[in-house]
Structures are given as structure tokens and as C-alpha cells.
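Okay, upload27.tsv is below, TSV, C-alpha atoms:
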chain	number	residue	atom	x	y	z
A	863	MET	CA	7.58	12.93	2.94
A	864	GLU	CA	8.33	12.03	-0.65
A	865	PHE	CA	9.26	8.41	-1.20
A	866	ASN	CA	11.78	7.57	-3.87
A	867	ASN	CA	11.02	4.90	-6.39
A	868	THR	CA	13.93	2.63	-5.82
A	869	GLN	CA	14.15	1.59	-2.16
A	870	ALA	CA	11.53	-0.44	-0.31
A	871	ILE	CA	9.14	1.86	1.52
A	872	TYR	CA	9.75	0.21	4.88
A	873	LEU	CA	13.46	1.02	4.61
A	874	GLN	CA	12.71	4.59	3.60
A	875	ILE	CA	10.53	4.93	6.69
A	876	ALA	CA	13.33	3.47	8.83
A	877	ASP	CA	15.65	6.09	7.33
A	878	TYR	CA	13.14	8.79	8.16
A	879	VAL	CA	13.11	7.68	11.80
A	880	CYS	CA	16.92	7.53	11.90
A	881	ASP	CA	17.08	11.09	10.50
A	882	ARG	CA	14.79	12.37	13.26
A	883	VAL	CA	17.00	10.71	15.86
A	884	GLN	CA	20.29	11.88	14.37
A	885	LEU	CA	18.96	15.43	14.12
A	886	ARG	CA	18.04	15.17	17.83
A	887	GLN	CA	14.41	15.85	17.01
A	888	TRP	CA	13.55	12.62	18.76
A	889	LEU	CA	15.63	12.19	21.91
A	890	PRO	CA	16.84	9.03	23.67
A	891	ASP	CA	14.11	7.35	25.70
A	892	ALA	CA	11.44	9.53	24.10
A	893	LYS	CA	8.41	7.78	22.64
A	894	VAL	CA	8.35	7.52	18.87
A	895	PRO	CA	5.01	8.15	17.13
A	896	SER	CA	2.56	5.28	17.25
A	897	VAL	CA	2.42	3.00	14.23
A	898	ARG	CA	-0.94	4.45	13.28
A	899	ASP	CA	0.10	8.09	13.64
A	900	LEU	CA	3.18	7.65	11.51
A	901	ALA	CA	1.15	5.69	8.93
A	902	VAL	CA	-1.27	8.59	8.65
A	903	THR	CA	1.53	11.16	8.43
A	904	LEU	CA	3.32	9.21	5.71
A	905	GLU	CA	0.12	7.94	4.01
A	906	VAL	CA	1.21	4.32	4.10
A	907	ASN	CA	-0.20	1.06	5.32
A	908	PRO	CA	0.25	0.70	9.11
A	909	ASN	CA	1.61	-2.81	8.54
A	910	THR	CA	4.49	-1.23	6.61
A	911	VAL	CA	5.32	1.11	9.50
A	912	MET	CA	5.16	-1.90	11.81
A	913	ARG	CA	7.71	-3.63	9.61
A	914	SER	CA	9.99	-0.57	9.79
A	915	TYR	CA	9.73	-0.45	13.59
A	916	GLU	CA	10.50	-4.15	13.88
A	917	HIS	CA	13.49	-3.64	11.63
A	918	LEU	CA	14.72	-0.71	13.75
A	919	GLN	CA	14.17	-2.70	16.91
A	920	GLN	CA	16.35	-5.48	15.53
A	921	GLN	CA	19.06	-2.92	14.84
A	922	GLY	CA	18.74	-1.65	18.41
A	923	VAL	CA	17.70	1.84	17.36
A	924	ILE	CA	14.36	1.70	19.14
A	925	TYR	CA	12.95	-0.58	21.81
A	926	THR	CA	9.49	-1.51	22.95
A	927	ARG	CA	7.85	-1.17	26.32
A	928	ARG	CA	4.97	-3.52	26.71
A	929	GLY	CA	1.68	-1.86	25.88
A	930	MET	CA	3.29	1.55	25.67
A	931	GLY	CA	4.79	1.52	22.22
A	932	TYR	CA	8.28	2.18	20.92
A	933	PHE	CA	11.01	4.38	22.37
A	934	VAL	CA	14.35	5.70	21.11
A	935	SER	CA	17.25	3.64	22.47
A	936	GLU	CA	19.76	5.28	24.79
A	937	ASP	CA	22.63	4.79	22.32
A	938	ALA	CA	20.52	5.16	19.16
A	939	VAL	CA	22.61	8.00	17.71
A	940	LYS	CA	25.78	5.94	18.00
A	941	LYS	CA	24.11	2.86	16.54
A	942	ILE	CA	22.67	4.79	13.60
A	943	ALA	CA	26.04	6.35	12.85
A	944	ALA	CA	27.63	2.89	12.85
A	945	LEU	CA	24.87	1.47	10.66
A	946	ARG	CA	25.08	4.32	8.20
A	947	ARG	CA	28.87	4.13	7.97
A	948	GLU	CA	28.54	0.45	7.19
A	949	GLN	CA	25.82	1.17	4.64
A	950	PHE	CA	27.99	3.80	3.02
A	951	LEU	CA	30.88	1.36	2.68
A	952	GLN	CA	28.66	-1.41	1.35
A	953	GLU	CA	26.38	0.45	-0.99
A	954	GLU	CA	27.46	3.96	-1.88
A	955	LEU	CA	31.22	3.59	-2.00
A	956	PRO	CA	31.22	0.84	-4.64
A	957	GLN	CA	29.14	3.07	-6.90
A	958	PHE	CA	31.44	5.98	-6.24
A	959	PHE	CA	34.45	3.83	-7.04
A	960	ARG	CA	32.80	2.60	-10.20
A	961	LYS	CA	32.31	6.16	-11.44
A	962	MET	CA	35.85	7.09	-10.42
A	963	TYR	CA	37.19	4.15	-12.31
A	964	LEU	CA	35.09	4.88	-15.39
A	965	LEU	CA	36.26	8.49	-15.43
A	966	GLY	CA	39.87	7.54	-14.75
A	967	PHE	CA	40.39	9.30	-11.41
A	968	GLU	CA	43.05	8.27	-8.92
A	969	LEU	CA	42.49	8.68	-5.19
A	970	ASP	CA	45.42	11.13	-4.94
A	971	GLU	CA	43.72	13.48	-7.37
A	972	LEU	CA	40.69	13.68	-5.14
A	973	LYS	CA	42.54	13.99	-1.87
A	974	THR	CA	43.27	17.73	-2.07
A	975	ARG	CA	39.68	18.36	-3.08
A	976	TYR	CA	38.43	16.41	-0.12
A	977	GLU	CA	40.75	18.32	2.26
A	978	LYS	CA	39.41	21.58	0.83
A	979	TYR	CA	35.85	20.40	1.24
A	980	LYS	CA	36.47	19.50	4.86
A	981	GLN	CA	37.92	22.95	5.54
A	982	GLN	CA	34.99	24.72	3.95
A	983	HIS	CA	32.54	22.51	5.77
A	984	ALA	CA	34.26	23.16	9.11
A	985	LYS	CA	34.05	26.90	8.45
A	986	SER	CA	30.37	26.79	7.60
A	987	ILE	CA	29.62	24.97	10.84
A	988	HIS	CA	31.57	27.30	13.17
B	729	MET	CA	-12.04	-14.32	7.24
B	730	ILE	CA	-13.19	-14.77	3.64
B	731	SER	CA	-12.88	-18.13	2.03
B	732	LEU	CA	-13.85	-19.08	-1.52
B	733	GLN	CA	-13.72	-22.69	-2.61
B	734	ASP	CA	-14.16	-23.73	-6.22
B	735	LEU	CA	-16.26	-20.63	-6.74
B	736	THR	CA	-17.70	-20.38	-10.22
B	737	PHE	CA	-19.91	-17.65	-11.54
B	738	SER	CA	-21.39	-16.66	-14.89
B	739	TYR	CA	-24.02	-14.24	-16.09
B	740	ARG	CA	-25.05	-16.53	-18.92
B	741	LYS	CA	-24.37	-20.11	-19.86
B	742	GLY	CA	-21.12	-21.01	-21.55
B	743	HIS	CA	-19.18	-17.93	-20.49
B	744	LEU	CA	-17.53	-18.24	-17.09
B	745	VAL	CA	-16.83	-14.89	-15.45
B	746	LEU	CA	-15.25	-16.47	-12.38
B	747	ASN	CA	-13.71	-19.83	-12.96
B	748	ASN	CA	-13.20	-22.18	-10.03
B	749	LEU	CA	-11.62	-19.69	-7.62
B	750	GLN	CA	-9.80	-20.71	-4.45
B	751	LEU	CA	-9.15	-17.68	-2.30
B	752	HIS	CA	-8.58	-16.71	1.31
B	753	PHE	CA	-8.49	-13.29	2.87
B	754	GLU	CA	-7.13	-12.54	6.34
B	755	PRO	CA	-8.12	-9.75	8.72
B	756	GLY	CA	-5.84	-6.78	9.34
B	757	ARG	CA	-4.78	-6.52	5.74
B	758	ILE	CA	-5.47	-4.41	2.67
B	759	TYR	CA	-5.80	-6.36	-0.54
B	760	GLY	CA	-5.39	-4.75	-3.94
B	761	LEU	CA	-7.42	-6.44	-6.66
B	762	LEU	CA	-6.00	-5.74	-10.11
B	763	GLY	CA	-7.21	-6.82	-13.50
B	764	LYS	CA	-8.03	-5.50	-16.92
B	765	ASN	CA	-11.52	-4.28	-17.75
B	766	GLY	CA	-13.93	-7.19	-17.84
B	767	ALA	CA	-11.58	-9.51	-15.95
B	768	GLY	CA	-14.33	-10.18	-13.38
B	769	LYS	CA	-13.21	-7.92	-10.52
B	770	SER	CA	-16.61	-6.48	-9.70
B	771	SER	CA	-18.31	-9.85	-10.07
B	772	LEU	CA	-15.87	-11.28	-7.55
B	773	LEU	CA	-16.52	-8.48	-5.08
B	774	TYR	CA	-20.28	-8.78	-5.51
B	775	ASN	CA	-20.11	-12.51	-4.79
B	776	ILE	CA	-18.28	-11.77	-1.54
B	777	CYS	CA	-20.90	-9.35	-0.31
B	778	GLY	CA	-23.98	-11.27	-1.44
B	779	LEU	CA	-25.07	-9.17	-4.40
B	780	LEU	CA	-24.40	-12.05	-6.78
B	781	TYR	CA	-24.61	-15.76	-6.07
B	782	PRO	CA	-22.07	-18.36	-7.13
B	783	GLN	CA	-23.25	-21.00	-9.61
B	784	ALA	CA	-21.04	-23.58	-7.97
B	785	GLY	CA	-18.65	-23.76	-5.08
B	786	GLN	CA	-18.59	-22.18	-1.66
B	787	CYS	CA	-18.29	-18.63	-0.48
B	788	GLN	CA	-17.84	-18.15	3.26
B	789	VAL	CA	-17.45	-14.73	4.80
B	790	MET	CA	-16.97	-14.39	8.57
B	791	GLY	CA	-18.72	-17.75	8.87
B	792	PHE	CA	-21.74	-16.62	6.88
B	793	ASN	CA	-22.97	-17.56	3.46
B	794	PRO	CA	-23.35	-14.11	1.83
B	795	ALA	CA	-26.12	-15.32	-0.49
B	796	LYS	CA	-28.41	-15.72	2.54
B	797	ARG	CA	-28.05	-12.00	3.21
B	798	GLN	CA	-28.58	-12.38	6.95
B	799	PRO	CA	-28.71	-9.07	8.84
B	800	ALA	CA	-25.89	-10.20	11.17
B	801	PHE	CA	-23.73	-10.58	8.05
B	802	LEU	CA	-24.85	-7.45	6.23
B	803	ARG	CA	-24.16	-5.15	9.18
B	804	GLN	CA	-20.50	-6.18	9.03
B	805	VAL	CA	-20.04	-5.68	5.29
B	806	TYR	CA	-19.80	-2.47	3.33
B	807	LEU	CA	-19.43	-2.19	-0.42
B	808	LEU	CA	-18.46	1.10	-1.94
B	809	PRO	CA	-19.49	0.68	-5.57
B	810	GLU	CA	-17.78	2.37	-8.47
B	811	ALA	CA	-20.98	4.02	-9.67
B	812	PHE	CA	-23.61	5.14	-7.21
B	813	HIS	CA	-26.69	7.24	-6.91
B	814	LEU	CA	-27.36	9.15	-3.70
B	815	PRO	CA	-30.80	10.27	-2.56
B	816	ASP	CA	-31.65	13.97	-2.54
B	817	VAL	CA	-31.19	14.57	1.18
B	818	ASP	CA	-28.58	16.41	3.21
B	819	ILE	CA	-25.61	14.68	4.83
B	820	ASP	CA	-27.22	14.53	8.28
B	821	GLN	CA	-30.37	13.00	6.91
B	822	TYR	CA	-28.32	10.48	4.96
B	823	VAL	CA	-26.57	9.40	8.14
B	824	ARG	CA	-29.87	9.21	10.01
B	825	LEU	CA	-31.29	7.01	7.25
B	826	TYR	CA	-28.40	4.63	6.66
B	827	ALA	CA	-26.19	4.55	9.77
B	828	PRO	CA	-28.71	2.47	11.80
B	829	PHE	CA	-27.97	-0.49	9.52
B	830	TYR	CA	-24.44	-0.54	10.98
B	831	PRO	CA	-24.45	-0.91	14.77
B	832	GLY	CA	-20.74	-0.08	14.87
B	833	PHE	CA	-21.23	3.24	13.08
B	834	ASP	CA	-18.82	5.83	14.47
B	835	SER	CA	-20.31	9.33	13.98
B	836	ALA	CA	-17.22	11.06	15.34
B	837	ALA	CA	-15.06	9.21	12.82
B	838	PHE	CA	-17.47	10.16	10.04
B	839	ASP	CA	-17.09	13.84	10.96
B	840	ARG	CA	-13.31	13.49	11.13
B	841	HIS	CA	-13.13	11.90	7.67
B	842	LEU	CA	-15.35	14.58	6.13
B	843	ASP	CA	-13.07	17.12	7.74
B	844	VAL	CA	-9.95	15.58	6.21
B	845	PHE	CA	-11.69	15.53	2.83
B	846	GLU	CA	-12.79	19.11	3.37
B	847	VAL	CA	-16.41	18.34	2.55
B	848	PRO	CA	-18.79	20.95	3.98
B	849	ARG	CA	-20.99	19.27	6.57
B	850	ARG	CA	-24.30	21.01	5.91
B	851	GLN	CA	-25.04	20.23	2.32
B	852	GLN	CA	-27.69	18.69	0.16
B	853	LEU	CA	-26.01	15.67	-1.44
B	854	HIS	CA	-27.30	16.67	-4.86
B	855	ALA	CA	-25.66	20.07	-4.51
B	856	LEU	CA	-22.26	18.35	-4.29
B	857	SER	CA	-20.09	17.40	-7.25
B	858	HIS	CA	-19.60	13.73	-8.05
B	859	GLY	CA	-16.15	13.76	-6.44
B	860	GLN	CA	-17.50	15.37	-3.28
B	861	GLN	CA	-20.31	12.82	-3.14
B	862	LYS	CA	-17.76	10.06	-3.42
B	863	LYS	CA	-15.86	11.50	-0.47
B	864	VAL	CA	-19.05	11.46	1.58
B	865	LEU	CA	-19.55	7.81	0.69
B	866	ILE	CA	-15.92	6.90	1.45
B	867	SER	CA	-16.23	8.64	4.82
B	868	PHE	CA	-19.47	6.79	5.47
B	869	ALA	CA	-17.96	3.46	4.41
B	870	LEU	CA	-15.06	3.81	6.83
B	871	ALA	CA	-17.29	5.06	9.64
B	872	THR	CA	-19.45	1.92	9.47
B	873	THR	CA	-16.40	0.09	10.93
B	874	ALA	CA	-17.66	-2.93	8.97
B	875	ARG	CA	-15.21	-5.83	9.24
B	876	ILE	CA	-15.33	-6.40	5.51
B	877	LEU	CA	-14.83	-3.22	3.56
B	878	ILE	CA	-14.89	-3.51	-0.19
B	879	MET	CA	-14.09	-0.56	-2.40
B	880	ASP	CA	-14.48	-0.68	-6.15
B	881	GLU	CA	-12.27	1.97	-7.77
B	882	PRO	CA	-12.44	4.31	-4.75
B	883	THR	CA	-10.11	6.95	-6.17
B	884	ASN	CA	-11.91	7.27	-9.50
B	885	GLY	CA	-13.28	10.77	-9.75
B	886	LEU	CA	-11.19	12.14	-6.89
B	887	ASP	CA	-9.02	15.17	-7.57
B	888	ILE	CA	-5.29	15.13	-6.85
B	889	PRO	CA	-5.34	16.41	-3.24
B	890	SER	CA	-8.19	14.07	-2.32
B	891	LYS	CA	-6.11	11.08	-3.35
B	892	ARG	CA	-3.60	12.01	-0.67
B	893	GLN	CA	-6.41	12.57	1.78
B	894	PHE	CA	-7.78	9.17	0.86
B	895	ARG	CA	-4.45	7.51	1.72
B	896	LYS	CA	-4.32	9.35	5.04
B	897	VAL	CA	-7.83	8.35	5.98
B	898	ILE	CA	-7.30	4.70	5.07
B	899	ALA	CA	-3.94	4.54	6.86
B	900	GLY	CA	-5.62	5.73	10.04
B	901	CYS	CA	-8.62	3.41	9.80
B	902	LEU	CA	-7.49	-0.15	9.22
B	903	ARG	CA	-8.16	-2.28	12.29
B	904	GLU	CA	-6.77	-5.68	13.15
B	905	ASP	CA	-10.13	-7.39	12.80
B	906	GLN	CA	-10.91	-5.70	9.53
B	907	CYS	CA	-10.25	-6.74	5.95
B	908	MET	CA	-10.20	-4.20	3.14
B	909	ILE	CA	-10.35	-5.15	-0.50
B	910	ILE	CA	-9.72	-2.40	-3.01
B	911	SER	CA	-10.13	-2.97	-6.70
B	912	THR	CA	-8.39	-0.43	-8.82
B	913	HIS	CA	-6.79	0.67	-12.05
B	914	GLN	CA	-5.20	3.65	-10.36
B	915	VAL	CA	-2.45	1.67	-8.69
B	916	LYS	CA	-0.20	4.69	-8.35
B	917	ASP	CA	-2.71	6.24	-5.93
B	918	LEU	CA	-2.76	3.25	-3.68
B	919	ASP	CA	0.43	1.27	-3.88
B	920	SER	CA	1.75	2.48	-0.52
B	921	LEU	CA	-1.40	1.13	1.13
B	922	ILE	CA	-1.62	-2.35	-0.25
B	923	ASP	CA	-0.38	-5.40	1.69
B	924	GLU	CA	-1.17	-8.02	-0.85
B	925	VAL	CA	-1.73	-8.01	-4.61
B	926	LEU	CA	-4.27	-10.12	-6.46
B	927	ILE	CA	-4.36	-10.26	-10.22
B	928	LEU	CA	-7.49	-11.52	-11.88
B	929	GLU	CA	-7.45	-12.55	-15.50
B	930	ASN	CA	-10.15	-14.27	-17.52
B	931	GLY	CA	-12.01	-15.26	-14.38
B	932	ARG	CA	-8.98	-16.77	-12.66
B	933	ILE	CA	-6.68	-15.49	-9.97
B	934	ILE	CA	-3.30	-15.78	-11.63
B	935	LEU	CA	-1.37	-14.23	-8.74
B	936	LYS	CA	-1.97	-13.54	-5.06
B	937	GLU	CA	1.15	-12.46	-3.19
B	938	PRO	CA	2.12	-10.11	-0.39
B	939	VAL	CA	4.08	-7.09	-1.58
B	940	THR	CA	6.96	-8.26	0.61
B	941	ARG	CA	7.19	-11.54	-1.25
B	942	ILE	CA	7.02	-9.88	-4.66
B	943	THR	CA	10.00	-7.68	-3.84
B	944	GLU	CA	11.80	-10.68	-2.36
B	945	LYS	CA	11.56	-12.44	-5.71
B	946	LEU	CA	11.82	-9.48	-8.04
B	947	SER	CA	13.88	-6.36	-8.12
B	948	PHE	CA	12.57	-3.10	-9.54
B	949	ARG	CA	15.19	-0.62	-10.63
B	950	GLN	CA	16.29	2.00	-13.11
B	951	VAL	CA	19.23	1.35	-15.39
B	952	LEU	CA	20.92	3.54	-17.96
B	953	SER	CA	21.26	0.83	-20.54
B	954	LEU	CA	19.92	-2.68	-20.76
B	955	GLU	CA	23.47	-3.98	-21.34
B	956	GLU	CA	24.62	-3.19	-17.84
B	957	THR	CA	22.43	-5.83	-16.20
B	958	GLU	CA	21.61	-9.40	-16.99
B	959	ALA	CA	18.56	-9.66	-19.21
B	960	PRO	CA	15.61	-8.26	-17.27
B	961	LEU	CA	12.24	-10.02	-17.25
B	962	TYR	CA	10.55	-6.86	-18.39
B	963	SER	CA	11.56	-3.32	-19.18
B	964	GLU	CA	9.97	-0.01	-19.99
B	965	GLY	CA	11.76	2.93	-21.53
B	966	ALA	CA	12.01	5.71	-18.97
B	967	LEU	CA	13.18	9.29	-19.16
B	968	LYS	CA	16.69	8.34	-18.22
B	969	GLY	CA	17.37	4.80	-19.34
B	970	TYR	CA	15.03	2.00	-18.50
B	971	ALA	CA	12.80	0.90	-15.66
B	972	ILE	CA	13.23	-2.83	-15.32
B	973	VAL	CA	11.84	-5.82	-13.48
B	974	ALA	CA	14.47	-8.47	-12.87
B	975	VAL	CA	14.92	-11.58	-10.78
B	976	ASN	CA	16.15	-10.44	-7.38
B	977	ARG	CA	19.41	-12.34	-7.07
B	978	ARG	CA	21.26	-10.05	-4.70
B	979	GLU	CA	18.61	-9.75	-2.01
B	980	GLU	CA	17.91	-6.16	-2.86
B	981	HIS	CA	15.12	-4.34	-1.07
B	982	SER	CA	13.59	-2.43	-3.89
B	983	ARG	CA	10.27	-0.68	-3.95
B	984	LEU	CA	7.46	-2.44	-5.76
B	985	ASP	CA	6.28	-0.46	-8.76
B	986	MET	CA	2.80	-1.93	-8.85
B	987	GLU	CA	1.85	-0.56	-12.22
B	988	MET	CA	4.96	-1.91	-13.85
B	989	PHE	CA	4.54	-5.21	-12.02
B	990	PHE	CA	1.02	-5.54	-13.39
B	991	ASN	CA	2.19	-4.75	-16.93
B	992	ALA	CA	5.09	-7.15	-16.55
B	993	VAL	CA	2.78	-9.96	-15.46
B	994	MET	CA	0.42	-9.25	-18.36
B	995	VAL	CA	3.24	-9.41	-20.91
B	996	GLU	CA	5.60	-11.98	-19.38
B	997	LYS	CA	3.29	-14.38	-17.56
B	998	GLU	CA	5.30	-17.49	-18.34
B	999	LYS	CA	8.48	-16.00	-16.93
B	1000	ILE	CA	7.09	-14.30	-13.86
B	1001	LEU	CA	4.33	-16.49	-12.48
B	1002	PRO	CA	6.54	-19.60	-12.02
B	1003	LEU	CA	8.72	-17.60	-9.61
B	1004	PHE	CA	5.81	-17.55	-7.21
B	1005	THR	CA	4.71	-21.16	-7.26
B	1006	ARG	CA	5.17	-22.72	-3.85

What would the structure in this file look like if it were written as C-alpha cells?
Amino acid sequence: MEFNNTQAIYLQIADYVCDRVQLRQWLPDAKVPSVRDLAVTLEVNPNTVMRSYEHLQQQGVIYTRRGMGYFVSEDAVKKIAALRREQFLQEELPQFFRKMYLLGFELDELKTRYEKYKQQHAKSIH
Amino acid sequence: MISLQDLTFSYRKGHLVLNNLQLHFEPGRIYGLLGKNGAGKSSLLYNICGLLYPQAGQCQVMGFNPAKRQPAFLRQVYLLPEAFHLPDVDIDQYVRLYAPFYPGFDSAAFDRHLDVFEVPRRQQLHALSHGQQKKVLISFALATTARILIMDEPTNGLDIPSKRQFRKVIAGCLREDQCMIISTHQVKDLDSLIDEVLILENGRIILKEPVTRITEKLSFRQVLSLEETEAPLYSEGALKGYAIVAVNRREEHSRLDMEMFFNAVMVEKEKILPLFTR
């Protein structure tokens, strides 16, 4: 995994875990890799992975079973989707709006493009 | 786990190399010791493991006074020096000679580390390149399972893939009862491993902070022009705009750029260090 230079590593690791869950690579109630294993895979300090797991536990994405490690929550996919929607609204949308504003776009101008994008995307999935 | 009180050290009179240091190190953490050449990094590390003795003050390591060099202390300490000279024996003989000094030596781990580093097992040490020899020593150091593991510039002389391997090996080794101190100039190789940063300058520790606290106080980001943010504490021209260090006012969770942080502290001490006074 390549880390980017801007976001704290523990958050990037949390994102990595969320990706695995959203892509159904890690299923509900399955064990997530141990702190040490993930630290080795990602070449980071195990304490950093621990911080990511604690963060994800707080968000309800994973839970701990005493002495057995961490597991994917039953409703993790739903929770991640909600978290990411919120994150999009809070962080990415303002930047998008800023660019729109700077370039003088109105929402109406983008609407048809977005509809077209959705159509294309639907086609490529089916 | 390690406690220095008023520790002072000099090689000759009138020039203090370590000046009245107060320092504590906890187990389960990796400390990154940064400082310019001649700042006193190696002298500090040597005081901790009993190779040099303080002129004044106390140095306590796991309850021992390192200067007494008691076997019970020495078997729990390993120093990987920056420059080393290995005897002309093969790897097995080396282990047979030196592993008995460390009762916790884990031969299986030693083999695993050599494997990760892709060092051929049956080799005369003198037939190996300097970098390969260093990998043998790093593998040995970690296999001792010593509770105090001190590494002076461990990635010096390693090629690019071995630096990744080094991070992997370290990430898999750190135990809760173990304290690692790594002194380095190559911060880019190691910054994802370090829990806590120490900066040594002119024989004094001018900063000792966990990475989490540094990024709580400071934000590291890229901007297109310096006008679009409030005046940063420090900036470096980057390919696209500027890389800046600024006061973290909006509770951002940015990634610590350790190299830039070090440069920023060197240039803007008066602005940055007060943010960390408690």
C-alpha cells in the first residue's frame, strides 16, 4: 500500500480496512488481521495500526472479542457507507464547490453531465 | 524503562557534549532520535548502553546503572553501531559465538529475518558486501530479543528494497516490554515506524514529543500559493506549490513529514518549540 503524504497514516489505514469491508473482501463477523500482521504488511508501527483499530471500533466498524482480536461488525458496510457519505459532504464537497465557484459553474450546467455519467456508469455495471 | 537525570557528558573539559539531560523512555515504543552531525546522538546512545560514562547525573536503565556493565544488564541491551567490523567467520559460527550472550536469543526469528532480507544463510561474513553484513547484524540484533534495542543509523548502507524489508522486520518485532531507539538522518525510511521524536541539539534535547501530539499541534499540507493560507510557520517550495508547516487550528489529521518537521524546528525554533511546552 502506498501512503499519501497528506492524511495521517492511522486514518489511511482505517480507510484501507473500510475498503476491504466495502469490497466484501472481509465479511461481517470475520476476523480482521492481527495488529502485528497488518503492521508488517503495511510496514508501519504496530501502535499506529492499534490506533486505527481503536478508531474503527469507536465508529462501530469493527468490534473486539476478548483475547481473540478484532472482527468486522455485522452492519459494517452500512456504517462505512454512512461515514463516507458524511465525510464526502464535510470534506470533499466544499472543495468541489470552491472549484466550481472559481470556474463560474452553476449546478444546472453540471446536472445533465451528471445524469449522463450515471447512465454510463449503470451500463458499465450491467 | 530508561531514565536520565541531569546527565552530563564530555570528551574533554570545557566542551559539553551532553548537557544536563532529563529523559525518560517507555517500553513498547519506538523512539526516533534526530539531530545534526555532532549533536551528540551517538554519545547519548553510548551512555545508555554503558559504553560511555556520564560525568555527572544519573543514568538508570531497567533498574541498572549501565556503567557497572553487569551481565544481567548487558544481556538485555543490544547496540547496533553505525560502523562495525565483523570477524572472518560464517554466519553459523557468528551465531554460535555471540548468541550465548543473549539468553533470549531466538534462532528461528534470526533465520526468518535473514530470509526477509534475502541474505544467503551459508556465507563467510567477509564474502558479503557491507550492506549484506549490516542486514546480518540487524537480524541478529532483533533476534537477541533484548529489551533495549539501540540502532545507530540502521538504514545507512542499505539498498532501496532492503529499506522496505527493514520496516517490515521492525514492524513485526516490537514487543510490549521492549524499547527501541533509532538514531537516523534517513527519516524518510523510518517515519512510519516512529512513535516519538527526539531532537538533540548542542547537547540538549530541544524536543521530545509523540508523533500524535506533533500532528495535533501542527498541520502539514501542500498549498498552491502561500497567499491562500494564513502565514505558515515554515514552508518549502515543492513541485506544485509549497509544502508548509502551520499551526493546526482546524483539528486536521495530517501526516507528519518528519524531514520537514526537523528542518522547520532547526529554522524556526522560537516559533515551534513554545507550542509544545506543557

**Item:** Distance filter 9 Å, all atoms listed in the file, chain A against chain B, as a ChimeraX atom specification
**Value:** /A:866-873,898-899,901-910

**Request:** Could you tell me how far atom CA of Glu881 of chain B lies from atom CA of Glu810 of chain B, in Å and to one decimal?
**Result:**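 Between atom CA of Glu881 of chain B and atom CA of Glu810 of chain B the gap works out to 5.6 Å.
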
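For the pair atom CA of Gln957 of chain A and atom CA of Tyr976 of chain A, the separation is 17.6 Å.
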
**Message:** Neighbouring residues of Phe792 of chain B were defined as those with any atom within 12 Å, considering all atoms listed in the file; residues of the same chain fewer than 4 positions away were excluded. Please report them as a list in words.
**Reply:**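 Counting only the stated atoms, we get Met729, Ile730, Ser731, Leu732, Ile776, Cys777, Gly778, Gln786, Cys787, Gln788, Lys796, Arg797, Gln798, Pro799, Ala800, Phe801, Leu802, Arg803, Gln804 and Val805 of chain B.
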
**Asked** Residues at most 12 Å from Leu751 of chain B, counting all atoms listed in the file, excluding those fewer than 4 positions away in the same chain, as a list in words?
**Response**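 Final neighbour list, sorted by chain and number: Met729, Ile730, Ser731, Leu732, Gln733, Asp734, Leu735, Thr736, Leu746, Asn747, Tyr759, Leu772, Ile776, Gly785, Gln786, Cys787, Gln788, Val789, Leu926, Ile927, Leu928, Arg932, Ile933, Ile934, Leu935, Lys936 and Glu937 of chain B.
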
**Asp891 of chain A environment, 7 Å, all atoms listed in the file, sequence neighbours closer than 3 positions dropped, as a PyMOL selection string** = chain A and resi 933-936

**Request:** Can you pull out every residue within 9 Å of segment 940-955 of chain A, counting all atoms listed in the file, but drop anything in the same chain fewer than 2 positions away, and send it as number ranges by chain?
**Result:** A: 880-881, 883-884, 921-923, 937-938, 957-960

**Asked** In Å to one decimal, how far is atom CA of His854 of chain B from atom CA of Gln914 of chain B?
**Response**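 Distance reported for this atom pair: 26.2 Å.
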
**Message:** At a cut-off of 8 Å around the point (13.0, -0.5, 12.2) (file coordinates), what residues fall inside when counting only C-alpha atoms? I'd like the answer as JSON, numbers by chain.
**Reply:** {"A": [873, 876, 912, 913, 914, 915, 916, 917, 918, 919, 920, 921, 923, 924]}

**Message:** Here is a test: counting only C-alpha atoms, which residue of B:Met988, B:Ile819, B:Ala836, B:Ala795 is nearest to Pro848 of chain B?
**Reply:**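 Among B:Met988, B:Ile819, B:Ala836, B:Ala795, it is B:Ile819 that comes nearest to Pro848 of chain B.
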
Padding 5 Å on each side, edges along x, y and z: where is the centre of the box around the listed atoms of segment 931-935 of chain B, and how long are its edges in Å to one decimal? Output it as lines of an AutoDock Vina configuration file.
center_x = -6.7
center_y = -15.5
center_z = -11.6
size_x = 20.6
size_y = 12.5
size_z = 15.6

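For the point (-27.6, 11.7, 12.3), the residues with an atom at a distance of at most 12 Å are Asp818, Ile819, Asp820, Gln821, Tyr822, Val823, Arg824, Leu825, Tyr826, Ala827, Pro828, Phe833, Asp834, Ser835, Ala836, Phe838, Asp839, Arg849, Arg850 and Phe868 of chain B, counting all atoms listed in the file.
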
Would you list the contacts of Gln860 of chain B as a short mmCIF file (atom, residue, chain, number, x, y, z; two decimals) with C-alpha atoms, keeping the file's coordinate frame, taking every protein, DNA or RNA residue within 8 Å and counting all atoms listed in the file, but skipping same-chain residues closer than 3 positions in sequence?
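Okay, around.cif is ready:
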data_model
loop_
_atom_site.label_atom_id
_atom_site.label_comp_id
_atom_site.auth_asym_id
_atom_site.auth_seq_id
_atom_site.Cartn_x
_atom_site.Cartn_y
_atom_site.Cartn_z
CA VAL B 847 -16.41 18.34 2.55
CA LEU B 856 -22.26 18.35 -4.29
CA SER B 857 -20.09 17.40 -7.25
CA LYS B 863 -15.86 11.50 -0.47
CA VAL B 864 -19.05 11.46 1.58
CA LEU B 886 -11.19 12.14 -6.89
#
